[in-house]
Amino acid sequence: CRKWIKREKFVGFPKRENLEIVEESLPPLEDGEILLEAVYLSVDPYMRYGRVYNRKDKDRDDIGLEMPGTQIARVIQSKNPKYDVNDLVLAYSGWVTHSISNGEKGIHKVPVNGSLPPSTRLGIIGMPGATAYFGLLDICKPIKEGETLLVNAAAGAVGSAVGQIGKIKGMRVVGFAGSDEKVTYLKSLGFDAAYNYKTVPSLEAAIKESCPNGVDVFFDNVGGDFFGTVLPLMNKKGRVAICGAIAEYNRKEPLSQTCPINHLILRKQLNVRGFIILDWVDDWDKAFSNMIFWIQDGDLKYRETVFTGFDKMFDAFMSLFEGTNIGKIIVKI
Ligand code: NDP
């Protein structure tokens, strides 16, 4: 088994030397256990700041532990009657090539011949897809036809699904992303307007131009100064989903710019809500049935940026912060 172990705390942007690849042999299987071999691994922004399942761990820096994460794995040995060799599973095993599971905790079967490729369980019909679905339809409700939705990191796994679900619900959708290629992609997905936030002369002017009636729903993946720029342009009784703050994850210093956020939220009677998608985990499958239907109808499209090889995990992870991905990043073994 090969594993990526965290050796040092991340300070600012993660560095390759903060992690180490180690080799270990696994013990023979006991009754009830299965041996898993990774096929596709996910990299996600939350990995920057630690495990999500063990919140009570004192050591939030995870030093000495493998990097956390979900993977699609193949069962290669089974001493559990519920699993056959060659079954595919979604497992929360971390950045590892092989692992042993008791077949119960943090593991779900994935259809081998499902209507969509298995890797989509890490993306559009996985955690990022559920985040888009519930973050928009639940956190930002009521969703009204003709209202304006603004989403940033819009070409990513979550953002690209948010914008398209907004279109399915009849909203006017405006997206911001970090390259011209991403802007072209967003337009091909049906976004009403899309901008490269790195090259617009003024973010505020671009929002005013593309949202002449103001912003009703703001799905924020970025935080920082982006959040401060959009908030004053929100309409009264607007809804804000605080989904992520990727502009802040690697900051060493606190934000330099502040804005009178509390007063704005009060005056505009905004509904601003942070959320963690694991709270909806029992409802994910309902969302995925709708999303599969939309995908089959051609209303919801997805892309994957694929890295090949276990050694590429770190490069794949860093591309989240460098912005080189379009859609969901997958590492294929
Ligand atoms: P993405 O696929 O969107 O990849 C991350 C993107 O963020 C990059 O491609 C880049 O796009 C953008 N980005 C990176 N650094 C910055 C920066 N400094 N300023 C502005 N944009 C930046 O990732 P996900 O779709 O997986 O995640 C999107 C967001 O959703 C993240 O903030 C993540 O933490 C959050 N999230 C929250 C969940 C929850 O339960 N609340 C669950 C899942 C994700 P660009 O080129 O456009 O800059």
# chains A, B, ... in the order shown; residues from 1 in each chain; ligands from 1
call {"tool": "closest_atom_pairs", "arguments": {"of": "chain A", "to": "ligand 1", "cutoff": "8 Å", "atoms": "only C-alpha atoms and all ligand atoms", "output": "CSV"}}
result
residue,atom,partner,partner_atom_place_in_ligand_line,distance
A:Val43,CA,ligand 1,26 (O),7.8
A:Asp44,CA,ligand 1,26 (O),5.0
A:Pro45,CA,ligand 1,34 (O),4.7
A:Tyr46,CA,ligand 1,34 (O),5.4
A:Met127,CA,ligand 1,43 (C),6.5
A:Pro128,CA,ligand 1,43 (C),5.1
A:Thr131,CA,ligand 1,42 (C),5.3
A:Gly135,CA,ligand 1,41 (N),7.7
A:Asn152,CA,ligand 1,47 (O),6.6
A:Ala153,CA,ligand 1,47 (O),3.9
A:Ala154,CA,ligand 1,47 (O),6.1
A:Ala155,CA,ligand 1,47 (O),6.2
A:Gly156,CA,ligand 1,2 (O),3.3
A:Ala157,CA,ligand 1,25 (O),3.7
A:Val158,CA,ligand 1,25 (O),3.7
A:Gly159,CA,ligand 1,25 (O),5.8
A:Ser160,CA,ligand 1,25 (O),7.9
A:Phe176,CA,ligand 1,47 (O),6.5
A:Ala177,CA,ligand 1,47 (O),3.3
A:Gly178,CA,ligand 1,46 (O),3.3
A:Ser179,CA,ligand 1,46 (O),5.8
A:Lys182,CA,ligand 1,46 (O),7.3
A:Asn196,CA,ligand 1,47 (O),7.7
A:Tyr197,CA,ligand 1,47 (O),7.7
A:Lys198,CA,ligand 1,48 (O),8.0
A:Asp220,CA,ligand 1,32 (O),7.8
A:Asn221,CA,ligand 1,32 (O),4.2
A:Val222,CA,ligand 1,20 (C),5.2
A:Gly223,CA,ligand 1,20 (C),7.9
A:Phe226,CA,ligand 1,20 (C),7.8
A:Ile242,CA,ligand 1,41 (N),7.1
A:Cys243,CA,ligand 1,41 (N),4.1
A:Gly244,CA,ligand 1,32 (O),3.2
A:Ala245,CA,ligand 1,32 (O),4.7
A:Ile246,CA,ligand 1,32 (O),4.3
A:Ala247,CA,ligand 1,18 (N),3.4
A:Glu248,CA,ligand 1,18 (N),6.7
A:Asn250,CA,ligand 1,18 (N),7.9
A:Gly274,CA,ligand 1,41 (N),7.0
A:Phe275,CA,ligand 1,41 (N),5.0
A:Ile276,CA,ligand 1,40 (O),3.4
A:Ile277,CA,ligand 1,40 (O),3.7
A:Leu278,CA,ligand 1,40 (O),6.5
A:Ser319,CA,ligand 1,9 (O),6.9
A:Leu320,CA,ligand 1,5 (C),4.3
A:Phe321,CA,ligand 1,14 (C),4.0
A:Glu322,CA,ligand 1,14 (C),5.8
A:Gly323,CA,ligand 1,9 (O),3.4
A:Thr324,CA,ligand 1,9 (O),5.8
A:Asn325,CA,ligand 1,9 (O),5.0
A:Ile326,CA,ligand 1,9 (O),6.5
A:Gly327,CA,ligand 1,2 (O),5.3
A:Lys328,CA,ligand 1,2 (O),5.2
A:Ile329,CA,ligand 1,2 (O),6.7
call {"tool": "residues_around", "arguments": {"residues": "Asp283 (chain A)", "least_positions_apart": "4", "cutoff": "9 Å", "atoms": "only C-alpha atoms", "output": "list in words"}}
result
Ala130, Ala287 and Phe288 of chain A
call {"tool": "write_last_selection", "arguments": {"atoms": "N, CA, C and O atoms", "output": "PDB file, in the first residue's frame"}}
result
ATOM      1  N   ALA A 130     -23.896  17.427  -4.740  1.00  0.00           N
ATOM      2  CA  ALA A 130     -24.865  17.615  -3.649  1.00  0.00           C
ATOM      3  C   ALA A 130     -24.727  19.014  -3.052  1.00  0.00           C
ATOM      4  O   ALA A 130     -25.722  19.662  -2.695  1.00  0.00           O
ATOM      5  N   ALA A 287     -31.389  13.926  -4.403  1.00  0.00           N
ATOM      6  CA  ALA A 287     -30.840  14.964  -5.291  1.00  0.00           C
ATOM      7  C   ALA A 287     -30.225  14.322  -6.523  1.00  0.00           C
ATOM      8  O   ALA A 287     -30.445  14.780  -7.655  1.00  0.00           O
ATOM      9  N   PHE A 288     -29.478  13.221  -6.322  1.00  0.00           N
ATOM     10  CA  PHE A 288     -28.781  12.601  -7.453  1.00  0.00           C
ATOM     11  C   PHE A 288     -29.783  12.044  -8.476  1.00  0.00           C
ATOM     12  O   PHE A 288     -29.516  12.059  -9.670  1.00  0.00           O
TER      13      PHE A 288
END
call {"tool": "residues_around", "arguments": {"residues": "region 60-67 of chain A", "least_positions_apart": "5", "cutoff": "12 Å", "atoms": "only C-alpha atoms", "output": "PyMOL selection string"}}
result
chain A and resi 1-11+18-24+41-44+46-55+92-97+99+313-314+317
call {"tool": "residues_around", "arguments": {"residues": "Pro111 (chain A)", "least_positions_apart": "5", "cutoff": "12 Å", "atoms": "only C-alpha atoms", "output": "list in words"}}
result
Ile72, Ala73, Arg74, Asn86, Asp87, Leu88, Val89, Leu90, Leu116, Pro117, Pro118, Ser119, Thr120 and Arg121 of chain A
call {"tool": "write_last_selection", "arguments": {"atoms": "C-alpha atoms", "output": "PDB file, in the first residue's frame"}}
result
ATOM      1  CA  ILE A  72     -13.711   4.977  -5.975  1.00  0.00           C
ATOM      2  CA  ALA A  73     -12.086   1.631  -5.240  1.00  0.00           C
ATOM      3  CA  ARG A  74     -12.351  -1.912  -6.512  1.00  0.00           C
ATOM      4  CA  ASN A  86     -14.593  -6.542  -8.580  1.00  0.00           C
ATOM      5  CA  ASP A  87     -17.417  -4.641  -6.830  1.00  0.00           C
ATOM      6  CA  LEU A  88     -16.848  -0.899  -6.953  1.00  0.00           C
ATOM      7  CA  VAL A  89     -17.258   1.211  -3.820  1.00  0.00           C
ATOM      8  CA  LEU A  90     -17.082   4.830  -2.766  1.00  0.00           C
ATOM      9  CA  LEU A 116     -22.794   7.415 -15.640  1.00  0.00           C
ATOM     10  CA  PRO A 117     -19.086   6.594 -15.263  1.00  0.00           C
ATOM     11  CA  PRO A 118     -18.044   5.704 -11.670  1.00  0.00           C
ATOM     12  CA  SER A 119     -15.813   8.799 -11.378  1.00  0.00           C
ATOM     13  CA  THR A 120     -18.952  10.978 -11.398  1.00  0.00           C
ATOM     14  CA  ARG A 121     -19.615   9.732  -7.833  1.00  0.00           C
TER      15      ARG A 121
END
call {"tool": "closest_residue", "arguments": {"among": "A:Leu231, A:Leu300, A:Val110, A:Leu150", "to": "Ile165 (chain A)", "atoms": "only C-alpha atoms"}}
result
A:Leu300
call {"tool": "residues_around", "arguments": {"residues": "Asn235 (chain A)", "least_positions_apart": "3", "cutoff": "10 Å", "atoms": "only C-alpha atoms", "output": "CSV table (one decimal) with N, CA, C and O atoms, in the first residue's frame"}}
result
chain,number,residue,atom,x,y,z
A,148,THR,N,-31.8,37.0,-10.3
A,148,THR,CA,-30.4,37.0,-10.7
A,148,THR,C,-29.6,36.2,-9.7
A,148,THR,O,-29.6,36.5,-8.5
A,213,ASN,N,-30.5,44.5,-12.6
A,213,ASN,CA,-31.5,44.5,-11.6
A,213,ASN,C,-31.0,44.1,-10.2
A,213,ASN,O,-31.8,43.7,-9.3
A,214,GLY,N,-29.7,44.1,-10.0
A,214,GLY,CA,-29.1,43.7,-8.7
A,214,GLY,C,-29.0,42.2,-8.6
A,214,GLY,O,-29.4,41.5,-9.5
A,215,VAL,N,-28.4,41.8,-7.5
A,215,VAL,CA,-28.1,40.3,-7.3
A,215,VAL,C,-29.2,39.8,-6.2
A,215,VAL,O,-29.2,40.4,-5.1
A,216,ASP,N,-29.9,38.8,-6.6
A,216,ASP,CA,-30.9,38.3,-5.6
A,216,ASP,C,-30.3,37.1,-4.9
A,216,ASP,O,-30.6,37.0,-3.7
A,217,VAL,N,-29.5,36.3,-5.5
A,217,VAL,CA,-28.9,35.1,-4.9
A,217,VAL,C,-27.4,35.1,-5.2
A,217,VAL,O,-27.0,35.2,-6.4
A,231,LEU,N,-21.6,42.0,-1.8
A,231,LEU,CA,-22.6,42.3,-0.8
A,231,LEU,C,-23.4,43.6,-1.0
A,231,LEU,O,-24.6,43.6,-0.9
A,232,PRO,N,-22.7,44.7,-1.2
A,232,PRO,CA,-23.4,46.0,-1.4
A,232,PRO,C,-24.3,46.0,-2.6
A,232,PRO,O,-25.2,46.8,-2.7
A,238,GLY,N,-32.2,39.5,-0.3
A,238,GLY,CA,-31.4,38.5,-1.1
A,238,GLY,C,-31.0,37.4,-0.2
A,238,GLY,O,-31.0,37.5,1.0
A,239,ARG,N,-30.5,36.3,-0.9
A,239,ARG,CA,-30.0,35.2,-0.1
A,239,ARG,C,-28.5,34.9,-0.5
A,239,ARG,O,-28.2,35.0,-1.7
A,268,LYS,N,-30.2,45.4,4.4
A,268,LYS,CA,-30.8,44.7,3.3
A,268,LYS,C,-31.6,43.5,3.7
A,268,LYS,O,-32.1,42.8,2.8
A,269,GLN,N,-31.7,43.2,4.9
A,269,GLN,CA,-32.4,42.0,5.4
A,269,GLN,C,-32.0,40.8,4.7
A,269,GLN,O,-32.8,40.0,4.3
A,270,LEU,N,-30.7,40.6,4.5
A,270,LEU,CA,-30.2,39.5,3.7
A,270,LEU,C,-30.3,38.2,4.6
A,270,LEU,O,-30.1,38.3,5.8
call {"tool": "closest_residue", "arguments": {"among": "A:Val162, A:Ile168, A:Leu35, A:Ile125", "to": "Asp297 (chain A)", "atoms": "only C-alpha atoms"}}
result
A:Ile168
call {"tool": "select_by_dssp", "arguments": {"residues": "region 90-196 of chain A", "states": "strand (DSSP E)", "output": "list in words"}}
result
Leu90, Ala91, His98, Ser99, Ile100, Ser101, Ile107, His108, Lys109, Val110, Thr148, Leu149, Leu150, Val151, Arg172, Val173, Val174, Gly175, Phe176, Ala177, Ala193, Ala194, Tyr195 and Asn196 of chain A
call {"tool": "closest_residue", "arguments": {"among": "A:Glu37, A:Ala194, A:Pro142, A:Gly129", "to": "Ala91 (chain A)", "atoms": "only C-alpha atoms"}}
result
A:Glu37
call {"tool": "atom_distance", "arguments": {"atom1": "CA of Ser101 (chain A)", "atom2": "CA of Leu36 (chain A)"}}
result
7.4 Å
call {"tool": "closest_residue", "arguments": {"among": "A:His98, A:Lys208, A:Lys301, A:Lys141", "to": "Val240 (chain A)", "atoms": "only C-alpha atoms"}}
result
A:Lys141
call {"tool": "atom_distance", "arguments": {"atom1": "CA of Ala241 (chain A)", "atom2": "CA of Glu304 (chain A)"}}
result
24.2 Å
call {"tool": "atom_distance", "arguments": {"atom1": "CA of Gln164 (chain A)", "atom2": "CA of Phe191 (chain A)"}}
result
7.4 Å
